[in-house]
$ cat upload.cif   # mmCIF, C-alpha atoms
data_start
#
loop_
_atom_site.group_PDB
_atom_site.id
_atom_site.type_symbol
_atom_site.label_atom_id
_atom_site.label_comp_id
_atom_site.auth_asym_id
_atom_site.auth_seq_id
_atom_site.Cartn_x
_atom_site.Cartn_y
_atom_site.Cartn_z
ATOM 1 C CA MET O 1 6.333 -16.214 -10.791
ATOM 2 C CA ALA O 2 5.175 -19.705 -11.642
ATOM 3 C CA ASN O 3 1.674 -19.287 -10.237
ATOM 4 C CA ALA O 4 0.588 -16.192 -12.181
ATOM 5 C CA LYS O 5 -2.585 -16.914 -14.188
ATOM 6 C CA ASN O 6 -3.340 -13.781 -16.204
ATOM 7 C CA PRO O 7 -3.732 -11.540 -13.147
ATOM 8 C CA LYS O 8 -5.714 -8.388 -13.829
ATOM 9 C CA TYR O 9 -3.359 -6.437 -11.553
ATOM 10 C CA SER O 10 0.369 -7.005 -11.167
ATOM 11 C CA GLY O 11 3.629 -5.177 -10.640
ATOM 12 C CA VAL O 12 4.462 -2.358 -8.245
ATOM 13 C CA ILE O 13 1.552 -0.451 -6.665
ATOM 14 C CA PRO O 14 2.872 1.741 -3.844
ATOM 15 C CA PRO O 15 0.609 3.146 -1.118
ATOM 16 C CA VAL O 16 1.026 6.846 -1.900
ATOM 17 C CA VAL O 17 2.212 9.055 0.972
ATOM 18 C CA THR O 18 0.270 12.224 1.785
ATOM 19 C CA PRO O 19 2.632 15.198 2.156
ATOM 20 C CA ARG O 20 1.613 18.054 4.418
ATOM 21 C CA THR O 21 2.872 21.617 4.522
ATOM 22 C CA ALA O 22 4.663 22.868 7.624
ATOM 23 C CA ALA O 23 1.333 24.490 8.566
ATOM 24 C CA GLY O 24 -0.365 21.078 8.436
ATOM 25 C CA ASP O 25 -2.393 21.389 5.236
ATOM 26 C CA ILE O 26 -2.340 18.826 2.419
ATOM 27 C CA ASP O 27 0.561 19.765 0.129
ATOM 28 C CA VAL O 28 -1.227 19.606 -3.228
ATOM 29 C CA GLN O 29 1.811 20.423 -5.368
ATOM 30 C CA GLY O 30 3.941 18.013 -3.344
ATOM 31 C CA LEU O 31 1.348 15.292 -3.937
ATOM 32 C CA LYS O 32 1.482 15.942 -7.681
ATOM 33 C CA ASN O 33 5.283 15.703 -7.552
ATOM 34 C CA VAL O 34 4.991 12.336 -5.785
ATOM 35 C CA VAL O 35 2.677 11.006 -8.513
ATOM 36 C CA GLU O 36 5.175 12.001 -11.237
ATOM 37 C CA HIS O 37 8.049 10.453 -9.252
ATOM 38 C CA LEU O 38 6.121 7.181 -8.905
ATOM 39 C CA ILE O 39 4.975 6.971 -12.516
ATOM 40 C CA ASN O 40 8.439 7.900 -13.791
ATOM 41 C CA GLY O 41 9.753 5.098 -11.561
ATOM 42 C CA GLY O 42 7.629 2.570 -13.453
ATOM 43 C CA VAL O 43 4.818 1.789 -11.022
ATOM 44 C CA THR O 44 1.849 -0.116 -12.443
ATOM 45 C CA GLY O 45 -0.773 1.465 -10.179
ATOM 46 C CA LEU O 46 -1.296 3.915 -7.326
ATOM 47 C CA PHE O 47 -2.813 2.797 -4.020
ATOM 48 C CA VAL O 48 -4.373 5.929 -2.557
ATOM 49 C CA LEU O 49 -5.627 6.258 1.038
ATOM 50 C CA GLY O 50 -3.650 3.361 2.429
ATOM 51 C CA SER O 51 -1.803 3.114 5.725
ATOM 52 C CA SER O 52 1.203 4.937 4.233
ATOM 53 C CA GLY O 53 -1.172 7.695 3.134
ATOM 54 C CA GLU O 54 -2.148 8.250 6.795
ATOM 55 C CA VAL O 55 -5.771 7.472 5.884
ATOM 56 C CA PRO O 56 -7.176 7.185 9.445
ATOM 57 C CA TYR O 57 -5.870 10.678 10.201
ATOM 58 C CA LEU O 58 -7.419 12.419 7.191
ATOM 59 C CA THR O 59 -10.696 14.301 7.412
ATOM 60 C CA ASN O 60 -13.361 13.492 4.820
ATOM 61 C CA ALA O 61 -12.506 16.690 2.946
ATOM 62 C CA GLU O 62 -8.794 15.793 2.988
ATOM 63 C CA ARG O 63 -9.487 12.305 1.665
ATOM 64 C CA GLU O 64 -11.468 13.778 -1.215
ATOM 65 C CA LEU O 65 -8.755 16.362 -1.926
ATOM 66 C CA VAL O 66 -6.046 13.665 -1.982
ATOM 67 C CA VAL O 67 -7.967 11.347 -4.319
ATOM 68 C CA GLY O 68 -9.017 14.190 -6.621
ATOM 69 C CA THR O 69 -5.473 15.565 -6.798
ATOM 70 C CA ILE O 70 -3.928 12.177 -7.542
ATOM 71 C CA ARG O 71 -6.592 11.328 -10.125
ATOM 72 C CA GLU O 72 -5.900 14.607 -11.945
ATOM 73 C CA ALA O 73 -2.105 14.174 -11.788
ATOM 74 C CA ASN O 74 -2.311 10.547 -12.902
ATOM 75 C CA ALA O 75 -4.587 11.395 -15.836
ATOM 76 C CA GLY O 76 -5.442 7.751 -16.425
ATOM 77 C CA ARG O 77 -1.853 6.589 -16.905
ATOM 78 C CA VAL O 78 -1.972 3.790 -14.317
ATOM 79 C CA ALA O 79 -4.717 2.103 -12.274
ATOM 80 C CA LEU O 80 -6.078 4.192 -9.398
ATOM 81 C CA ILE O 81 -6.761 1.857 -6.484
ATOM 82 C CA VAL O 82 -8.345 3.597 -3.512
ATOM 83 C CA GLY O 83 -8.815 2.562 0.088
ATOM 84 C CA ALA O 84 -12.409 2.612 1.334
ATOM 85 C CA ASN O 85 -11.379 2.694 4.953
ATOM 86 C CA GLU O 86 -14.213 2.506 7.483
ATOM 87 C CA GLN O 87 -15.086 0.247 10.393
ATOM 88 C CA THR O 88 -18.183 -1.587 9.211
ATOM 89 C CA THR O 89 -20.031 -2.678 6.078
ATOM 90 C CA ALA O 90 -22.517 0.176 5.585
ATOM 91 C CA ARG O 91 -19.815 2.776 6.231
ATOM 92 C CA VAL O 92 -17.409 1.117 3.762
ATOM 93 C CA ILE O 93 -20.146 1.075 1.097
ATOM 94 C CA GLU O 94 -20.801 4.779 1.672
ATOM 95 C CA GLU O 95 -17.071 5.594 1.550
ATOM 96 C CA GLY O 96 -16.487 3.348 -1.458
ATOM 97 C CA ALA O 97 -19.274 5.007 -3.446
ATOM 98 C CA LYS O 98 -17.613 8.377 -2.805
ATOM 99 C CA MET O 99 -14.243 7.079 -3.960
ATOM 100 C CA ILE O 100 -15.737 5.581 -7.129
ATOM 101 C CA ALA O 101 -17.332 8.953 -7.888
ATOM 102 C CA LEU O 102 -13.886 10.532 -7.426
ATOM 103 C CA GLY O 103 -12.362 8.191 -10.020
ATOM 104 C CA ALA O 104 -11.312 4.960 -8.287
ATOM 105 C CA ASP O 105 -10.719 2.030 -10.663
ATOM 106 C CA ALA O 106 -10.730 -0.434 -7.761
ATOM 107 C CA LEU O 107 -11.170 -0.355 -3.991
ATOM 108 C CA VAL O 108 -9.081 -1.725 -1.139
ATOM 109 C CA VAL O 109 -11.145 -2.962 1.804
ATOM 110 C CA THR O 110 -10.059 -4.341 5.187
ATOM 111 C CA THR O 111 -11.933 -6.724 7.438
ATOM 112 C CA PRO O 112 -14.289 -4.858 9.790
ATOM 113 C CA TYR O 113 -12.535 -3.293 12.761
ATOM 114 C CA TYR O 114 -13.692 -2.005 16.136
ATOM 115 C CA ALA O 115 -16.687 -4.308 15.567
ATOM 116 C CA LEU O 116 -16.105 -7.833 16.904
ATOM 117 C CA SER O 117 -16.734 -10.049 13.871
ATOM 118 C CA ASN O 118 -16.531 -13.767 13.168
ATOM 119 C CA VAL O 119 -15.518 -15.500 9.916
ATOM 120 C CA ALA O 120 -19.080 -15.565 8.551
ATOM 121 C CA GLU O 121 -19.494 -11.821 9.175
ATOM 122 C CA VAL O 122 -16.167 -11.031 7.517
ATOM 123 C CA GLU O 123 -17.230 -12.942 4.394
ATOM 124 C CA ALA O 124 -20.670 -11.298 4.420
ATOM 125 C CA HIS O 125 -18.952 -7.897 4.734
ATOM 126 C CA PHE O 126 -17.014 -8.342 1.484
ATOM 127 C CA ARG O 127 -20.006 -9.823 -0.357
ATOM 128 C CA ALA O 128 -22.256 -6.911 0.600
ATOM 129 C CA ILE O 129 -19.689 -4.324 -0.493
ATOM 130 C CA HIS O 130 -19.152 -6.036 -3.846
ATOM 131 C CA GLU O 131 -22.901 -6.401 -4.404
ATOM 132 C CA ALA O 132 -23.523 -2.728 -3.617
ATOM 133 C CA LEU O 133 -20.637 -1.194 -5.547
ATOM 134 C CA LYS O 134 -19.974 -3.591 -8.460
ATOM 135 C CA ILE O 135 -16.271 -2.724 -8.670
ATOM 136 C CA ASP O 136 -12.958 -4.583 -8.360
ATOM 137 C CA ILE O 137 -12.161 -5.092 -4.669
ATOM 138 C CA PHE O 138 -8.860 -6.002 -3.048
ATOM 139 C CA ALA O 139 -9.061 -7.513 0.406
ATOM 140 C CA TYR O 140 -6.417 -5.867 2.592
ATOM 141 C CA ASP O 141 -5.144 -8.298 5.215
ATOM 142 C CA VAL O 142 -3.486 -6.088 7.830
ATOM 143 C CA PRO O 143 -4.117 -7.564 11.291
ATOM 144 C CA VAL O 144 -1.592 -5.226 12.929
ATOM 145 C CA ARG O 145 -4.205 -2.506 12.320
ATOM 146 C CA THR O 146 -7.531 -4.375 12.280
ATOM 147 C CA HIS O 147 -6.650 -7.027 14.909
ATOM 148 C CA VAL O 148 -8.330 -9.636 12.694
ATOM 149 C CA LYS O 149 -6.480 -12.013 10.362
ATOM 150 C CA LEU O 150 -8.304 -12.664 7.092
ATOM 151 C CA ALA O 151 -8.642 -16.456 6.988
ATOM 152 C CA VAL O 152 -7.113 -18.115 3.936
ATOM 153 C CA SER O 153 -10.328 -20.122 3.552
ATOM 154 C CA SER O 154 -12.353 -16.890 3.412
ATOM 155 C CA ALA O 155 -10.043 -15.266 0.883
ATOM 156 C CA VAL O 156 -10.183 -18.356 -1.343
ATOM 157 C CA LYS O 157 -13.978 -18.571 -1.089
ATOM 158 C CA LEU O 158 -14.414 -14.872 -1.940
ATOM 159 C CA ALA O 159 -11.932 -15.169 -4.813
ATOM 160 C CA LYS O 160 -13.779 -18.134 -6.314
ATOM 161 C CA GLU O 161 -17.075 -16.253 -5.994
ATOM 162 C CA GLY O 162 -15.609 -13.266 -7.847
ATOM 163 C CA VAL O 163 -16.198 -10.996 -4.848
ATOM 164 C CA ILE O 164 -12.519 -9.990 -4.639
ATOM 165 C CA VAL O 165 -9.961 -9.663 -7.456
ATOM 166 C CA GLY O 166 -6.967 -9.852 -5.169
ATOM 167 C CA VAL O 167 -5.437 -9.742 -1.708
ATOM 168 C CA LYS O 168 -2.906 -7.281 -0.393
ATOM 169 C CA ASP O 169 -1.187 -9.293 2.319
ATOM 170 C CA SER O 170 0.470 -7.290 5.080
ATOM 171 C CA SER O 171 -0.101 -9.959 7.705
ATOM 172 C CA GLY O 172 3.532 -10.948 8.136
ATOM 173 C CA ASP O 173 2.356 -14.569 8.177
ATOM 174 C CA ASP O 174 4.552 -16.293 5.580
ATOM 175 C CA VAL O 175 2.816 -19.657 5.980
ATOM 176 C CA SER O 176 -0.686 -18.333 5.272
ATOM 177 C CA PHE O 177 0.711 -16.202 2.427
ATOM 178 C CA ARG O 178 2.108 -19.285 0.733
ATOM 179 C CA GLN O 179 -1.108 -21.214 1.387
ATOM 180 C CA LEU O 180 -3.074 -18.371 -0.230
ATOM 181 C CA LEU O 181 -0.811 -18.379 -3.300
ATOM 182 C CA LEU O 182 -1.210 -22.133 -3.725
ATOM 183 C CA ALA O 183 -4.970 -22.137 -3.163
ATOM 184 C CA THR O 184 -5.648 -19.296 -5.653
ATOM 185 C CA ALA O 185 -3.052 -20.180 -8.298
ATOM 186 C CA ASP O 186 -5.666 -21.457 -10.763
ATOM 187 C CA ILE O 187 -8.175 -18.619 -10.341
ATOM 188 C CA GLU O 188 -8.180 -16.674 -13.592
ATOM 189 C CA GLY O 189 -7.321 -12.993 -13.148
ATOM 190 C CA PHE O 190 -6.738 -13.185 -9.382
ATOM 191 C CA SER O 191 -3.797 -11.306 -7.828
ATOM 192 C CA VAL O 192 -1.883 -11.735 -4.589
ATOM 193 C CA PHE O 193 0.347 -8.824 -3.561
ATOM 194 C CA THR O 194 2.804 -8.701 -0.691
ATOM 195 C CA GLY O 195 2.927 -5.585 1.448
ATOM 196 C CA HIS O 196 6.376 -6.371 2.856
ATOM 197 C CA GLU O 197 9.251 -4.312 1.511
ATOM 198 C CA VAL O 198 12.198 -6.578 2.284
ATOM 199 C CA VAL O 199 11.076 -10.055 1.160
ATOM 200 C CA VAL O 200 9.582 -9.215 -2.233
ATOM 201 C CA ASP O 201 11.963 -11.424 -4.211
ATOM 202 C CA GLY O 202 10.922 -14.429 -2.123
ATOM 203 C CA ALA O 203 7.226 -13.568 -2.494
ATOM 204 C CA LEU O 204 7.551 -13.298 -6.285
ATOM 205 C CA LEU O 205 9.491 -16.566 -6.435
ATOM 206 C CA GLY O 206 6.586 -18.167 -4.576
ATOM 207 C CA GLY O 207 4.101 -16.903 -7.144
ATOM 208 C CA ALA O 208 3.014 -13.455 -5.924
ATOM 209 C CA HIS O 209 1.916 -11.069 -8.651
ATOM 210 C CA GLY O 210 3.324 -7.871 -7.211
ATOM 211 C CA VAL O 211 4.130 -5.667 -4.264
ATOM 212 C CA VAL O 212 2.517 -2.745 -2.443
ATOM 213 C CA PRO O 213 5.629 -1.255 -0.801
ATOM 214 C CA GLY O 214 5.526 1.818 1.422
ATOM 215 C CA LEU O 215 9.238 2.164 0.645
ATOM 216 C CA GLY O 216 8.240 2.311 -3.031
ATOM 217 C CA ASN O 217 7.410 5.968 -2.410
ATOM 218 C CA VAL O 218 11.140 6.530 -1.924
ATOM 219 C CA ASP O 219 12.500 4.175 -4.585
ATOM 220 C CA PRO O 220 9.808 3.084 -7.052
ATOM 221 C CA ALA O 221 12.391 2.384 -9.769
ATOM 222 C CA GLY O 222 14.216 -0.075 -7.499
ATOM 223 C CA TYR O 223 11.039 -2.082 -6.952
ATOM 224 C CA ARG O 224 10.272 -2.000 -10.663
ATOM 225 C CA ARG O 225 13.762 -3.346 -11.444
ATOM 226 C CA LEU O 226 13.241 -6.094 -8.866
ATOM 227 C CA PHE O 227 9.844 -7.000 -10.365
ATOM 228 C CA ASP O 228 11.144 -7.020 -13.948
ATOM 229 C CA ALA O 229 14.097 -9.237 -12.963
ATOM 230 C CA ALA O 230 11.694 -11.674 -11.288
ATOM 231 C CA VAL O 231 9.427 -11.799 -14.342
ATOM 232 C CA ALA O 232 12.501 -12.528 -16.475
ATOM 233 C CA GLY O 233 13.510 -15.321 -14.089
ATOM 234 C CA ASP O 234 16.753 -13.501 -13.240
ATOM 235 C CA TRP O 235 16.636 -14.258 -9.540
ATOM 236 C CA ALA O 236 20.238 -13.217 -8.869
ATOM 237 C CA THR O 237 19.488 -9.684 -10.101
ATOM 238 C CA ALA O 238 16.186 -9.674 -8.195
ATOM 239 C CA ALA O 239 17.976 -10.695 -4.973
ATOM 240 C CA ALA O 240 20.696 -8.079 -5.442
ATOM 241 C CA GLU O 241 18.078 -5.359 -5.922
ATOM 242 C CA GLN O 242 16.156 -6.622 -2.899
ATOM 243 C CA ASN O 243 19.333 -6.538 -0.806
ATOM 244 C CA ARG O 244 19.879 -2.888 -1.779
ATOM 245 C CA LEU O 245 16.253 -2.056 -0.958
ATOM 246 C CA ALA O 246 16.615 -3.804 2.402
ATOM 247 C CA ASP O 247 19.479 -1.413 3.077
ATOM 248 C CA VAL O 248 17.308 1.560 2.034
ATOM 249 C CA PHE O 249 14.649 0.256 4.447
ATOM 250 C CA GLU O 250 17.092 0.903 7.304
ATOM 251 C CA ILE O 251 15.766 4.484 7.237
ATOM 252 C CA VAL O 252 12.747 3.341 9.271
ATOM 253 C CA TYR O 253 15.015 2.417 12.186
ATOM 254 C CA THR O 254 16.615 5.873 12.500
ATOM 255 C CA PRO O 255 13.896 7.605 14.589
ATOM 256 C CA ASP O 256 14.149 7.751 18.381
ATOM 257 C CA SER O 257 11.440 5.364 19.621
ATOM 258 C CA SER O 258 11.201 7.188 22.951
ATOM 259 C CA ARG O 259 9.924 10.243 21.072
ATOM 260 C CA VAL O 260 8.328 8.941 17.878
ATOM 261 C CA SER O 261 5.601 6.266 17.672
ATOM 262 C CA GLY O 262 6.051 3.142 15.566
ATOM 263 C CA GLY O 263 3.595 4.441 12.979
ATOM 264 C CA ALA O 264 5.203 7.857 12.777
ATOM 265 C CA ALA O 265 8.691 6.340 12.528
ATOM 266 C CA GLY O 266 8.111 4.422 9.302
ATOM 267 C CA LEU O 267 5.976 7.001 7.533
ATOM 268 C CA GLY O 268 8.097 9.825 8.880
ATOM 269 C CA ALA O 269 11.216 8.143 7.500
ATOM 270 C CA PHE O 270 9.624 7.852 4.053
ATOM 271 C CA LYS O 271 8.583 11.511 4.129
ATOM 272 C CA THR O 272 11.952 12.681 5.442
ATOM 273 C CA ALA O 273 13.720 10.761 2.665
ATOM 274 C CA MET O 274 11.417 12.296 0.061
ATOM 275 C CA VAL O 275 12.121 15.793 1.403
ATOM 276 C CA ALA O 276 15.854 15.053 1.060
ATOM 277 C CA MET O 277 15.199 13.942 -2.536
ATOM 278 C CA GLY O 278 13.448 17.248 -3.284
ATOM 279 C CA LEU O 279 9.935 15.893 -3.847
ATOM 280 C CA PHE O 280 8.283 18.206 -1.304
ATOM 281 C CA ASP O 281 9.321 20.674 1.383
ATOM 282 C CA SER O 282 8.081 19.411 4.748
ATOM 283 C CA ASN O 283 8.135 16.072 6.568
ATOM 284 C CA ALA O 284 5.164 17.160 8.728
ATOM 285 C CA MET O 285 2.945 14.348 9.963
ATOM 286 C CA SER O 286 -0.775 14.262 10.709
ATOM 287 C CA ALA O 287 -1.540 15.264 14.313
ATOM 288 C CA PRO O 288 -0.760 13.932 16.863
ATOM 289 C CA MET O 289 2.229 12.200 15.232
ATOM 290 C CA GLU O 290 5.670 13.756 15.692
ATOM 291 C CA ALA O 291 7.818 14.663 12.680
ATOM 292 C CA LEU O 292 11.384 13.407 12.479
ATOM 293 C CA ASN O 293 14.058 15.873 13.577
ATOM 294 C CA ALA O 294 17.259 17.160 11.980
ATOM 295 C CA ASP O 295 19.493 14.443 13.470
ATOM 296 C CA GLU O 296 17.187 11.728 12.169
ATOM 297 C CA ALA O 297 17.088 13.437 8.757
ATOM 298 C CA THR O 298 20.889 13.437 8.652
ATOM 299 C CA ALA O 299 20.998 9.698 9.420
ATOM 300 C CA ILE O 300 18.464 9.075 6.654
ATOM 301 C CA LYS O 301 20.493 11.101 4.138
ATOM 302 C CA THR O 302 23.527 8.923 4.924
ATOM 303 C CA ILE O 303 21.533 5.797 4.051
ATOM 304 C CA LEU O 304 20.112 7.362 0.871
ATOM 305 C CA THR O 305 23.604 8.334 -0.222
ATOM 306 C CA ARG O 306 25.125 4.883 0.261
ATOM 307 C CA THR O 307 22.215 3.227 -1.579
ATOM 308 C CA GLY O 308 22.492 5.531 -4.602
ATOM 309 C CA LEU O 309 19.360 7.623 -4.076
ATOM 310 C CA LEU O 310 21.111 10.930 -3.305
#

$ encode --input "upload.cif" --output "structure tokens"
Amino acid sequence: MANAKNPKYSGVIPPVVTPRTAAGDIDVQGLKNVVEHLINGGVTGLFVLGSSGEVPYLTNAERELVVGTIREANAGRVALIVGANEQTTARVIEEGAKMIALGADALVVTTPYYALSNVAEVEAHFRAIHEALKIDIFAYDVPVRTHVKLAVSSAVKLAKEGVIVGVKDSSGDDVSFRQLLLATADIEGFSVFTGHEVVVDGALLGGAHGVVPGLGNVDPAGYRRLFDAAVAGDWATAAAEQNRLADVFEIVYTPDSSRVSGGAAGLGAFKTAMVAMGLFDSNAMSAPMEALNADEATAIKTILTRTGLL
């Protein structure tokens, strides 16, 4: 972690899953159980209303219920970082203001989507949101969902201006990730997080400040051990932990792709694993996504058993 320069945010900040009851409602008690599981596992923050939280599927009332429930369960123990997920600038500002009122310590904001933007508009988008809301903002680079890659030059410019405090990089572009780390290494307080579950040791070795792992919902303690080993410079231990977590990640490949969508497969695997671990009762997904079935759950339990989680 040679590039860290007093980052304000670091460590393990999982994107919290949103459990539903078999009837399809938000499972409030299950959500509280998840928060305890994550905090007991040593996470340094909670990313609420992210992709793993099924944010585009939640109604406004459900989003508010999820944030309020997690805020109450967290009780100020770790940073509450909330996604303000909307298509365009004015809508993000409106959503972000709501999330701040509900207790967000920081916001996570993507590039505009649906709208066809250029680089100048993307930069203006982040500036306007920061100016309106005066809160810490993470830029979330997730082109698989927004269909726009956040340019390294834009991220660096916004970081130097103090518009963003960090980037959550889920782009899968290792070259631009390394370029971003190098270009922001001297910016006081700035954080770069990887969103990729299976290459975290490499990201930390390159200077990343932390990870936002969907799989961290299942095994937060494993990611915390990996992070602590990296901070200590014990790269052999970090790699061994990452290898085990890569094996845990095999759960996302158990669903039948002819029946379950790519989005439902990964999130459904996390939920199914958490049901097996006793955190909540149902692996129900937001409509129209299909839940994983009994055969898939059995395959997931086999993986959890061999990796020490059951």

$ residues_around --input "upload.cif" --residues "Ala240 in chain O" --least-positions-apart "3" --cutoff "12 Å" --atoms "all atoms listed in the file" --output "PyMOL selection string"
chain O and resi 198-201+222-223+225-227+229-230+234-237+243-247

$ residues_around --input "upload.cif" --residues "Asn85 in chain O" --least-positions-apart "5" --cutoff "8 Å" --atoms "all atoms listed in the file" --output "list in words"
Leu49, Val55, Pro56, Val92, Glu95, Val108, Val109 and Thr110 of chain O

$ closest_atom_pairs --input "upload.cif" --of "range 46-140 of chain O" --to "range 15-18 of chain O" --cutoff "8 Å" --atoms "all atoms listed in the file" --output "JSON lines"
{"residue": "O:Leu46", "atom": "CA", "partner": "O:Pro15", "partner_atom": "CA", "distance": 6.5}
{"residue": "O:Phe47", "atom": "CA", "partner": "O:Pro15", "partner_atom": "CA", "distance": 4.5}
{"residue": "O:Val48", "atom": "CA", "partner": "O:Val16", "partner_atom": "CA", "distance": 5.5}
{"residue": "O:Leu49", "atom": "CA", "partner": "O:Pro15", "partner_atom": "CA", "distance": 7.3}
{"residue": "O:Gly50", "atom": "CA", "partner": "O:Pro15", "partner_atom": "CA", "distance": 5.5}
{"residue": "O:Ser51", "atom": "CA", "partner": "O:Pro15", "partner_atom": "CA", "distance": 7.3}
{"residue": "O:Ser52", "atom": "CA", "partner": "O:Val17", "partner_atom": "CA", "distance": 5.3}
{"residue": "O:Gly53", "atom": "CA", "partner": "O:Val17", "partner_atom": "CA", "distance": 4.2}
{"residue": "O:Glu54", "atom": "CA", "partner": "O:Thr18", "partner_atom": "CA", "distance": 6.8}
{"residue": "O:Val66", "atom": "CA", "partner": "O:Thr18", "partner_atom": "CA", "distance": 7.5}

$ closest_residue --input "upload.cif" --among "O:Asn118, O:Thr272, O:Asn283, O:Ser257" --to "Ala299 in chain O" --atoms "only C-alpha atoms"
O:Thr272

$ atom_distance --input "upload.cif" --atom1 "CA of Ile26 in chain O" --atom2 "CA of Tyr253 in chain O"
25.8 Å

$ closest_residue --input "upload.cif" --among "O:Ser258, O:Thr194, O:Thr111, O:Thr69" --to "Ser10 in chain O" --atoms "all atoms listed in the file"
O:Thr194

$ closest_residue --input "upload.cif" --among "O:Glu36, O:Glu94, O:Asp141, O:Glu86" --to "Pro112 in chain O" --atoms "only C-alpha atoms"
O:Glu86

$ atom_distance --input "upload.cif" --atom1 "CA of Pro213 in chain O" --atom2 "CA of Phe193 in chain O"
9.6 Å

$ closest_residue --input "upload.cif" --among "O:Ser117, O:Gly41, O:Ala104, O:Thr89" --to "Glu64 in chain O" --atoms "only C-alpha atoms"
O:Ala104

$ closest_residue --input "upload.cif" --among "O:Leu204, O:Ala61, O:Ala128, O:Ala115" --to "Lys98 in chain O" --atoms "all atoms listed in the file"
O:Ala61

$ resolve_selection --input "upload.cif" --expression "the PyMOL selection byres ((chain O and resi 31) around 12)" --output "VMD selection string"
chain O and resid 16 to 21 25 to 30 32 to 38 48 53 65 to 74 217 271 274 279 to 282
